[in-house]
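S.K.: What follows is the file run-v2.cif, containing mmCIF, C-alpha atoms:
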```cif
data_model
loop_
_atom_site.group_PDB
_atom_site.id
_atom_site.type_symbol
_atom_site.label_atom_id
_atom_site.label_comp_id
_atom_site.auth_asym_id
_atom_site.auth_seq_id
_atom_site.Cartn_x
_atom_site.Cartn_y
_atom_site.Cartn_z
ATOM 1 C CA ALA A 1 23.123 -2.172 18.916
ATOM 2 C CA PHE A 2 20.127 -2.305 21.255
ATOM 3 C CA ALA A 3 20.535 -5.881 22.469
ATOM 4 C CA ASP A 4 21.011 -4.731 26.080
ATOM 5 C CA ARG A 5 18.192 -2.133 25.870
ATOM 6 C CA PRO A 6 15.268 -3.654 23.944
ATOM 7 C CA SER A 7 12.993 -0.710 24.794
ATOM 8 C CA LEU A 8 15.057 1.364 22.346
ATOM 9 C CA LEU A 9 13.705 -0.794 19.515
ATOM 10 C CA GLY A 10 10.396 1.019 19.989
ATOM 11 C CA ILE A 11 12.113 4.400 19.701
ATOM 12 C CA ALA A 12 13.950 3.168 16.593
ATOM 13 C CA LEU A 13 10.624 2.162 15.027
ATOM 14 C CA LEU A 14 9.232 5.587 15.952
ATOM 15 C CA ALA A 15 12.135 7.334 14.173
ATOM 16 C CA TYR A 16 11.477 5.221 11.055
ATOM 17 C CA MET A 17 7.750 6.003 11.171
ATOM 18 C CA PHE A 18 8.587 9.714 11.536
ATOM 19 C CA GLY A 19 10.483 9.448 8.243
ATOM 20 C CA LEU A 20 7.657 7.605 6.476
ATOM 21 C CA ARG A 21 5.093 10.189 7.594
ATOM 22 C CA HIS A 22 7.314 13.183 6.882
ATOM 23 C CA ALA A 23 7.585 12.122 3.219
ATOM 24 C CA PHE A 24 3.867 12.921 2.869
ATOM 25 C CA ASP A 25 4.309 16.594 3.719
ATOM 26 C CA ALA A 26 2.503 18.548 1.035
ATOM 27 C CA ASP A 27 5.578 20.488 -0.069
ATOM 28 C CA HIS A 28 7.473 17.209 -0.638
ATOM 29 C CA ILE A 29 4.752 15.703 -2.802
ATOM 30 C CA ALA A 30 4.165 18.895 -4.794
ATOM 31 C CA ALA A 31 7.866 19.560 -5.456
ATOM 32 C CA ILE A 32 8.680 15.969 -6.457
ATOM 33 C CA ASP A 33 5.658 15.452 -8.707
ATOM 34 C CA ASN A 34 6.135 18.772 -10.501
ATOM 35 C CA VAL A 35 9.823 18.139 -11.165
ATOM 36 C CA VAL A 36 9.160 14.569 -12.386
ATOM 37 C CA ARG A 37 6.572 15.920 -14.845
ATOM 38 C CA LYS A 38 9.047 18.526 -16.104
ATOM 39 C CA LEU A 39 11.952 16.073 -16.556
ATOM 40 C CA MET A 40 9.734 13.503 -18.282
ATOM 41 C CA GLN A 41 8.803 16.133 -20.863
ATOM 42 C CA GLU A 42 12.544 16.578 -21.479
ATOM 43 C CA LYS A 43 12.682 12.829 -22.275
ATOM 44 C CA LYS A 44 14.582 11.909 -19.110
ATOM 45 C CA GLN A 45 13.933 9.101 -16.636
ATOM 46 C CA PRO A 46 13.667 10.883 -13.262
ATOM 47 C CA TYR A 47 13.190 7.820 -11.053
ATOM 48 C CA ALA A 48 15.610 9.236 -8.456
ATOM 49 C CA VAL A 49 14.074 12.719 -8.049
ATOM 50 C CA GLY A 50 12.371 11.771 -4.774
ATOM 51 C CA PHE A 51 15.461 9.904 -3.554
ATOM 52 C CA PHE A 52 17.789 12.900 -3.929
ATOM 53 C CA PHE A 53 15.204 15.310 -2.545
ATOM 54 C CA SER A 54 14.790 13.181 0.583
ATOM 55 C CA LEU A 55 18.571 12.802 0.991
ATOM 56 C CA GLY A 56 19.011 16.568 0.851
ATOM 57 C CA HIS A 57 16.120 17.132 3.234
ATOM 58 C CA SER A 58 17.276 14.558 5.762
ATOM 59 C CA SER A 59 20.868 15.824 5.645
ATOM 60 C CA ILE A 60 19.730 18.768 7.760
ATOM 61 C CA VAL A 61 18.140 16.406 10.292
ATOM 62 C CA VAL A 62 21.264 14.229 10.446
ATOM 63 C CA ILE A 63 23.567 17.238 10.904
ATOM 64 C CA ALA A 64 21.368 18.731 13.616
ATOM 65 C CA SER A 65 21.091 15.348 15.376
ATOM 66 C CA ILE A 66 24.883 15.057 15.378
ATOM 67 C CA LEU A 67 25.262 18.585 16.787
ATOM 68 C CA ILE A 68 22.669 18.018 19.484
ATOM 69 C CA ALA A 69 24.038 14.597 20.392
ATOM 70 C CA ALA A 70 27.565 16.015 20.616
ATOM 71 C CA THR A 71 26.533 19.006 22.731
ATOM 72 C CA ALA A 72 23.199 17.901 24.161
ATOM 73 C CA ALA A 73 22.739 20.507 26.881
ATOM 74 C CA ALA A 74 24.235 23.544 25.136
ATOM 75 C CA MET A 75 22.552 23.054 21.773
ATOM 76 C CA GLN A 76 19.195 22.166 23.285
ATOM 77 C CA ASN A 77 18.994 25.670 24.757
ATOM 78 C CA ARG A 78 19.706 27.199 21.347
ATOM 79 C CA LEU A 79 17.311 25.038 19.345
ATOM 80 C CA ASP A 80 14.566 27.670 19.369
ATOM 81 C CA SER A 81 16.725 30.392 17.779
ATOM 82 C CA PHE A 82 18.059 27.911 15.207
ATOM 83 C CA HIS A 83 14.476 26.903 14.451
ATOM 84 C CA ASP A 84 13.449 30.543 13.865
ATOM 85 C CA ILE A 85 16.313 31.358 11.456
ATOM 86 C CA GLY A 86 16.084 28.067 9.592
ATOM 87 C CA GLY A 87 12.294 28.325 9.480
ATOM 88 C CA VAL A 88 12.419 31.584 7.542
ATOM 89 C CA ILE A 89 14.973 30.220 5.045
ATOM 90 C CA GLY A 90 13.311 26.843 4.567
ATOM 91 C CA THR A 91 9.781 28.194 4.257
ATOM 92 C CA THR A 92 10.876 30.960 1.862
ATOM 93 C CA VAL A 93 12.675 28.476 -0.421
ATOM 94 C CA SER A 94 9.763 26.034 -0.285
ATOM 95 C CA ALA A 95 7.085 28.645 -1.018
ATOM 96 C CA ALA A 96 9.077 30.401 -3.767
ATOM 97 C CA PHE A 97 9.999 27.138 -5.519
ATOM 98 C CA LEU A 98 6.404 25.869 -5.492
ATOM 99 C CA LEU A 99 4.920 29.190 -6.616
ATOM 100 C CA LEU A 100 7.395 29.533 -9.501
ATOM 101 C CA ILE A 101 6.769 25.971 -10.663
ATOM 102 C CA GLY A 102 3.024 26.501 -10.317
ATOM 103 C CA ILE A 103 3.101 29.708 -12.397
ATOM 104 C CA ALA A 104 5.276 28.080 -15.085
ATOM 105 C CA ASN A 105 2.900 25.099 -15.234
ATOM 106 C CA LEU A 106 -0.036 27.495 -15.547
ATOM 107 C CA PHE A 107 1.275 28.711 -18.920
ATOM 108 C CA VAL A 108 1.946 25.119 -20.007
ATOM 109 C CA LEU A 109 -1.650 24.259 -19.014
ATOM 110 C CA LYS A 110 -3.038 27.043 -21.221
ATOM 111 C CA GLY A 111 -1.175 25.680 -24.249
ATOM 112 C CA VAL A 112 -2.127 22.061 -23.530
ATOM 113 C CA TRP A 113 -5.815 23.040 -23.238
ATOM 114 C CA SER A 114 -5.716 24.801 -26.621
ATOM 115 C CA ALA A 115 -4.043 21.767 -28.227
ATOM 116 C CA PHE A 116 -6.557 19.409 -26.624
ATOM 117 C CA ARG A 117 -9.457 21.465 -27.989
ATOM 118 C CA ARG A 118 -7.925 21.318 -31.466
ATOM 119 C CA ALA A 119 -7.493 17.536 -31.160
ATOM 120 C CA GLN A 120 -11.155 17.219 -30.145
ATOM 121 C CA LYS A 121 -12.118 19.004 -33.370
ATOM 122 C CA GLY A 122 -10.186 16.425 -35.367
ATOM 123 C CA GLU A 123 -7.056 18.455 -36.101
ATOM 124 C CA ARG A 124 -3.821 16.475 -36.190
ATOM 125 C CA ILE A 125 -1.251 17.255 -33.483
ATOM 126 C CA ALA A 126 2.321 16.338 -34.448
ATOM 127 C CA ASP A 127 4.537 14.767 -31.783
ATOM 128 C CA GLU A 128 7.226 17.423 -32.307
ATOM 129 C CA ASP A 129 4.724 20.255 -31.848
ATOM 130 C CA LEU A 130 3.344 18.562 -28.744
ATOM 131 C CA ASP A 131 6.792 18.109 -27.190
ATOM 132 C CA THR A 132 7.604 21.779 -27.853
ATOM 133 C CA LEU A 133 4.290 22.801 -26.311
ATOM 134 C CA LEU A 134 4.788 20.702 -23.187
ATOM 135 C CA ALA A 135 8.279 22.121 -22.739
ATOM 136 C CA GLY A 136 6.688 25.590 -22.537
ATOM 137 C CA GLY A 137 7.036 27.446 -25.813
ATOM 138 C CA GLY A 138 5.066 30.650 -25.210
ATOM 139 C CA ILE A 139 6.529 34.105 -24.649
ATOM 140 C CA LEU A 140 5.572 34.200 -20.977
ATOM 141 C CA ALA A 141 6.761 30.622 -20.541
ATOM 142 C CA ARG A 142 10.168 31.695 -21.883
ATOM 143 C CA ILE A 143 10.294 34.412 -19.234
ATOM 144 C CA PHE A 144 9.734 31.867 -16.475
ATOM 145 C CA ARG A 145 11.860 29.142 -18.076
ATOM 146 C CA PRO A 146 15.143 30.108 -16.309
ATOM 147 C CA MET A 147 13.351 29.701 -12.964
ATOM 148 C CA PHE A 148 11.657 26.510 -14.103
ATOM 149 C CA LYS A 149 14.961 25.069 -15.324
ATOM 150 C CA VAL A 150 16.641 25.141 -11.932
ATOM 151 C CA VAL A 151 16.391 21.338 -11.929
ATOM 152 C CA THR A 152 17.616 19.536 -15.054
ATOM 153 C CA ARG A 153 18.856 16.286 -13.431
ATOM 154 C CA SER A 154 17.479 14.129 -10.650
ATOM 155 C CA TRP A 155 20.447 14.864 -8.388
ATOM 156 C CA HIS A 156 19.755 18.606 -8.624
ATOM 157 C CA MET A 157 16.933 17.984 -6.158
ATOM 158 C CA TYR A 158 19.511 17.344 -3.405
ATOM 159 C CA PRO A 159 20.324 21.039 -2.724
ATOM 160 C CA ILE A 160 16.635 21.950 -3.030
ATOM 161 C CA GLY A 161 15.740 19.269 -0.493
ATOM 162 C CA PHE A 162 18.569 20.552 1.727
ATOM 163 C CA LEU A 163 17.164 24.096 1.650
ATOM 164 C CA PHE A 164 13.618 22.820 2.260
ATOM 165 C CA GLY A 165 14.968 21.030 5.342
ATOM 166 C CA LEU A 166 16.233 24.233 6.957
ATOM 167 C CA GLY A 167 12.717 24.951 8.159
ATOM 168 C CA PHE A 168 12.558 22.378 10.982
ATOM 169 C CA ASP A 169 8.869 23.222 10.804
ATOM 170 C CA THR A 170 7.472 19.773 11.514
ATOM 171 C CA ALA A 171 6.963 17.905 14.760
ATOM 172 C CA THR A 172 8.640 14.826 13.290
ATOM 173 C CA GLU A 173 12.001 16.545 12.876
ATOM 174 C CA ILE A 174 11.866 18.191 16.296
ATOM 175 C CA GLY A 175 10.796 14.855 17.781
ATOM 176 C CA LEU A 176 13.785 13.121 16.212
ATOM 177 C CA LEU A 177 16.143 15.769 17.578
ATOM 178 C CA GLY A 178 14.547 15.314 20.988
ATOM 179 C CA ILE A 179 15.195 11.568 20.813
ATOM 180 C CA SER A 180 18.840 12.206 19.962
ATOM 181 C CA ALA A 181 19.258 14.690 22.807
ATOM 182 C CA ALA A 182 17.524 12.447 25.354
ATOM 183 C CA GLN A 183 19.604 9.403 24.446
ATOM 184 C CA ALA A 184 22.816 11.469 24.489
ATOM 185 C CA ALA A 185 21.965 12.666 27.996
ATOM 186 C CA GLN A 186 21.553 9.035 29.120
ATOM 187 C CA GLY A 187 25.063 8.165 28.065
ATOM 188 C CA MET A 188 24.393 6.367 24.765
ATOM 189 C CA SER A 189 27.428 6.295 22.476
ATOM 190 C CA PHE A 190 27.644 8.950 19.763
ATOM 191 C CA TRP A 191 27.635 6.406 16.905
ATOM 192 C CA THR A 192 24.622 4.536 18.262
ATOM 193 C CA ILE A 193 22.621 7.777 18.417
ATOM 194 C CA LEU A 194 23.094 8.137 14.638
ATOM 195 C CA VAL A 195 20.850 5.078 14.187
ATOM 196 C CA PHE A 196 17.825 7.336 14.762
ATOM 197 C CA PRO A 197 18.453 9.943 12.015
ATOM 198 C CA ALA A 198 19.564 7.096 9.711
ATOM 199 C CA LEU A 199 16.218 5.349 10.226
ATOM 200 C CA PHE A 200 14.376 8.647 9.689
ATOM 201 C CA THR A 201 16.264 9.064 6.395
ATOM 202 C CA ALA A 202 15.484 5.478 5.354
ATOM 203 C CA GLY A 203 11.748 5.937 5.922
ATOM 204 C CA MET A 204 11.517 9.280 4.141
ATOM 205 C CA SER A 205 13.675 8.248 1.169
ATOM 206 C CA LEU A 206 11.589 5.082 0.696
ATOM 207 C CA MET A 207 8.317 6.977 0.298
ATOM 208 C CA ASP A 208 9.734 9.909 -1.686
ATOM 209 C CA THR A 209 11.535 7.539 -4.087
ATOM 210 C CA LEU A 210 8.344 5.507 -4.481
ATOM 211 C CA ASP A 211 6.488 8.728 -5.317
ATOM 212 C CA SER A 212 8.894 9.738 -8.110
ATOM 213 C CA THR A 213 9.051 6.149 -9.436
ATOM 214 C CA LEU A 214 5.260 5.884 -9.672
ATOM 215 C CA MET A 215 5.007 9.305 -11.321
ATOM 216 C CA THR A 216 7.687 8.366 -13.871
ATOM 217 C CA GLY A 217 5.883 5.112 -14.681
ATOM 218 C CA ALA A 218 2.547 6.889 -15.051
ATOM 219 C CA TYR A 219 4.018 9.442 -17.459
ATOM 220 C CA GLY A 220 5.711 6.679 -19.448
ATOM 221 C CA TRP A 221 2.291 5.080 -19.997
ATOM 222 C CA ALA A 222 0.725 8.417 -20.888
ATOM 223 C CA PHE A 223 3.362 9.334 -23.477
ATOM 224 C CA VAL A 224 2.627 6.353 -25.763
ATOM 225 C CA LYS A 225 -0.037 8.174 -27.816
ATOM 226 C CA PRO A 226 -0.257 11.913 -28.592
ATOM 227 C CA VAL A 227 -3.935 12.251 -27.582
ATOM 228 C CA ARG A 228 -3.343 10.238 -24.415
ATOM 229 C CA LYS A 229 -0.313 12.424 -23.686
ATOM 230 C CA LEU A 230 -2.465 15.542 -24.118
ATOM 231 C CA TRP A 231 -5.278 14.333 -21.874
ATOM 232 C CA TYR A 232 -2.908 13.059 -19.183
ATOM 233 C CA ASN A 233 -0.857 16.272 -19.189
ATOM 234 C CA LEU A 234 -4.007 18.368 -19.098
ATOM 235 C CA THR A 235 -5.252 16.497 -16.016
ATOM 236 C CA ILE A 236 -1.952 16.256 -14.142
ATOM 237 C CA THR A 237 -0.761 19.763 -15.033
ATOM 238 C CA ALA A 238 -4.043 21.229 -13.785
ATOM 239 C CA ALA A 239 -3.659 19.284 -10.529
ATOM 240 C CA SER A 240 -0.004 20.350 -10.280
ATOM 241 C CA VAL A 241 -0.856 24.023 -10.762
ATOM 242 C CA VAL A 242 -3.561 23.956 -8.091
ATOM 243 C CA VAL A 243 -1.418 22.033 -5.616
ATOM 244 C CA ALA A 244 1.811 24.004 -6.137
ATOM 245 C CA ILE A 245 0.194 27.461 -6.001
ATOM 246 C CA PHE A 246 -2.099 26.517 -3.118
ATOM 247 C CA ILE A 247 0.629 24.977 -0.928
ATOM 248 C CA GLY A 248 3.198 27.634 -1.861
ATOM 249 C CA GLY A 249 0.669 30.393 -1.211
ATOM 250 C CA ILE A 250 -0.323 28.971 2.171
ATOM 251 C CA GLU A 251 3.360 28.760 3.193
ATOM 252 C CA ALA A 252 4.087 32.317 1.994
ATOM 253 C CA LEU A 253 1.044 33.772 3.774
ATOM 254 C CA GLY A 254 1.924 31.847 6.928
ATOM 255 C CA LEU A 255 5.452 33.263 6.889
ATOM 256 C CA ILE A 256 4.154 36.818 6.355
ATOM 257 C CA SER A 257 1.628 36.410 9.160
ATOM 258 C CA ASP A 258 4.240 35.022 11.554
ATOM 259 C CA LYS A 259 6.881 37.694 10.914
ATOM 260 C CA LEU A 260 4.484 40.669 10.862
ATOM 261 C CA GLY A 261 2.415 39.441 13.808
ATOM 262 C CA LEU A 262 -0.844 39.635 11.849
ATOM 263 C CA GLU A 263 -4.007 38.605 13.675
ATOM 264 C CA GLY A 264 -7.634 38.008 12.829
ATOM 265 C CA GLY A 265 -9.881 35.277 11.518
ATOM 266 C CA PHE A 266 -8.211 34.965 8.126
ATOM 267 C CA TRP A 267 -4.666 34.825 9.520
ATOM 268 C CA SER A 268 -5.702 32.322 12.204
ATOM 269 C CA PHE A 269 -7.135 30.154 9.434
ATOM 270 C CA ILE A 270 -3.833 30.413 7.498
ATOM 271 C CA GLY A 271 -1.925 29.428 10.645
ATOM 272 C CA GLU A 272 -4.110 26.346 11.122
ATOM 273 C CA MET A 273 -3.609 25.389 7.469
ATOM 274 C CA ASN A 274 0.182 25.579 7.883
ATOM 275 C CA ASP A 275 0.013 23.466 11.019
ATOM 276 C CA ASN A 276 -1.773 20.746 9.045
ATOM 277 C CA LEU A 277 0.387 20.577 5.887
ATOM 278 C CA ALA A 278 1.003 16.870 6.543
ATOM 279 C CA ASN A 279 -2.720 16.193 6.155
ATOM 280 C CA PHE A 280 -2.666 18.163 2.893
ATOM 281 C CA GLY A 281 0.144 15.847 1.790
ATOM 282 C CA PHE A 282 -2.166 12.854 2.022
ATOM 283 C CA ALA A 283 -4.833 14.837 0.156
ATOM 284 C CA VAL A 284 -2.339 15.657 -2.617
ATOM 285 C CA VAL A 285 -1.456 11.967 -2.978
ATOM 286 C CA GLY A 286 -5.184 11.256 -3.297
ATOM 287 C CA ILE A 287 -5.573 13.948 -5.963
ATOM 288 C CA PHE A 288 -2.761 12.487 -8.069
ATOM 289 C CA LEU A 289 -4.096 8.934 -7.627
ATOM 290 C CA MET A 290 -7.511 10.062 -8.876
ATOM 291 C CA SER A 291 -5.828 11.873 -11.768
ATOM 292 C CA TRP A 292 -3.977 8.687 -12.767
ATOM 293 C CA LEU A 293 -7.217 6.705 -12.654
#
```
Any chance you could put this one into structure tokens?

M.R.:
Amino acid sequence: AFADRPSLLGIALLAYMFGLRHAFDADHIAAIDNVVRKLMQEKKQPYAVGFFFSLGHSSIVVIASILIAATAAAMQNRLDSFHDIGGVIGTTVSAAFLLLIGIANLFVLKGVWSAFRRAQKGERIADEDLDTLLAGGGILARIFRPMFKVVTRSWHMYPIGFLFGLGFDTATEIGLLGISAAQAAQGMSFWTILVFPALFTAGMSLMDTLDSTLMTGAYGWAFVKPVRKLWYNLTITAASVVVAIFIGGIEALGLISDKLGLEGGFWSFIGEMNDNLANFGFAVVGIFLMSWL
């Protein structure tokens, strides 16, 4: 496609790298890892959780790229208003989903800790009791279960990823749209422009799918023995709770600050944290790697 314009190969590589980096956004990692943990406890094999999440997320980017490429000048002027509306929806969905999962996992963590303490004292923990515990058997867990059960299949992550994508809150997505608009203005064919969002999707789906595959494999190893299952779930669930509530809370506070025009040292700090969620994504990956070790 770019045989007559080799400089576009560099832009194509950039679009692919955008996708790879975007997969490490903290909300991606937290959502995928939490859902994989939940589905594994339901004795499913959620290898494709990250794949469907990334497809849903990138669908927004592809659609917007098509719109901007088709009406480069007109849509470019309206991108800011679209960003504002979508930002509220996407951030709200992201924060609410992570906070609900984090709260549900908090009750699971309490039960796992109690069971682990009993196991340390030499009491026998039956597999059936452990599976019931990890599925969330307490009264408060039952209250949150309908929220926690939003995702029961890997493909259910597609609409969640789609809603997450409405935010357009990262430089990578805006950069990709800018590439599409610039190339459209230079007369590139409509179908050739779609190479860029396709490469973005390929990069993001690769890393997100790898994340859910590794998590599924790690849980498969951990579920061989009851005590190992307890210790692994205790470690990972604790990490999941901290990550989900922290990232969800930062997003929620950032949205409140932005819409209410709040100022001051604390709110400036929250704004900076939201601007650096990608860096938190790498930190989250590190936390889970250390947990596996």

S.K.: What is the CA of Glu272 (chain A)-CA of His22 (chain A) distance in Å, reported with one decimal?

M.R.: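 Computing the Euclidean distance for CA of Glu272 (chain A) and CA of His22 (chain A) yields 17.9 Å.
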
S.K.: I would like the residues chosen by the PyMOL selection byres ((chain A and resi 190-201) around 6) on the shown file; could you give them as a PyMOL selection string?

M.R.: chain A and resi 12+15-16+19+58+62+189+202-205

S.K.: Can you write out the residues you just picked, keeping C-alpha atoms, as an mmCIF file, in the frame of the given file?

M.R.:
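Once everything was written out, this is again_8.cif:
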```
data_model
loop_
_atom_site.group_PDB
_atom_site.id
_atom_site.type_symbol
_atom_site.label_atom_id
_atom_site.label_comp_id
_atom_site.auth_asym_id
_atom_site.auth_seq_id
_atom_site.Cartn_x
_atom_site.Cartn_y
_atom_site.Cartn_z
ATOM 1 C CA ALA A 12 13.950 3.168 16.593
ATOM 2 C CA ALA A 15 12.135 7.334 14.173
ATOM 3 C CA TYR A 16 11.477 5.221 11.055
ATOM 4 C CA GLY A 19 10.483 9.448 8.243
ATOM 5 C CA SER A 58 17.276 14.558 5.762
ATOM 6 C CA VAL A 62 21.264 14.229 10.446
ATOM 7 C CA SER A 189 27.428 6.295 22.476
ATOM 8 C CA ALA A 202 15.484 5.478 5.354
ATOM 9 C CA GLY A 203 11.748 5.937 5.922
ATOM 10 C CA MET A 204 11.517 9.280 4.141
ATOM 11 C CA SER A 205 13.675 8.248 1.169
#
```

S.K.: Rank nothing, just name the residue among A:Ser154, A:Gly254, A:Phe280, A:Phe52 nearest to Thr92 (chain A), using all atoms listed in the file.

M.R.: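 Under the stated criterion, the closest residue is A:Gly254.
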
S.K.: Record the distance separating CA of Leu109 (chain A) and CA of Val242 (chain A), expressed in Å with one decimal.

M.R.: 11.1 Å

S.K.: Please write out, as AutoDock Vina command-line options, where the centre of an axis-aligned box around all listed atoms of region 40-43 of chain A lies and how long its edges are, in Å to one decimal, after adding 6 Å on each side.

M.R.:
```
--center_x 10.7 --center_y 14.7 --center_z -20.3 --size_x 15.9 --size_y 15.7 --size_z 16.0
```

S.K.: Measure the distance from CA of Ala1 (chain A) to CA of Leu14 (chain A) in Å and round it to one decimal.

M.R.: 16.2 Å

S.K.: Pick out the closest residue to Ser114 (chain A) from this set: A:Leu99, A:Leu230, A:Gly271, A:Val36. Count all atoms listed in the file.

M.R.: A:Leu230

S.K.: Under the rule that all atoms listed in the file are counted, which of A:Ile101, A:Leu13, A:Met157, A:Ala96 is the nearest residue to His57 (chain A)?

M.R.: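 Among the listed residues, A:Met157 lies closest to His57 (chain A).
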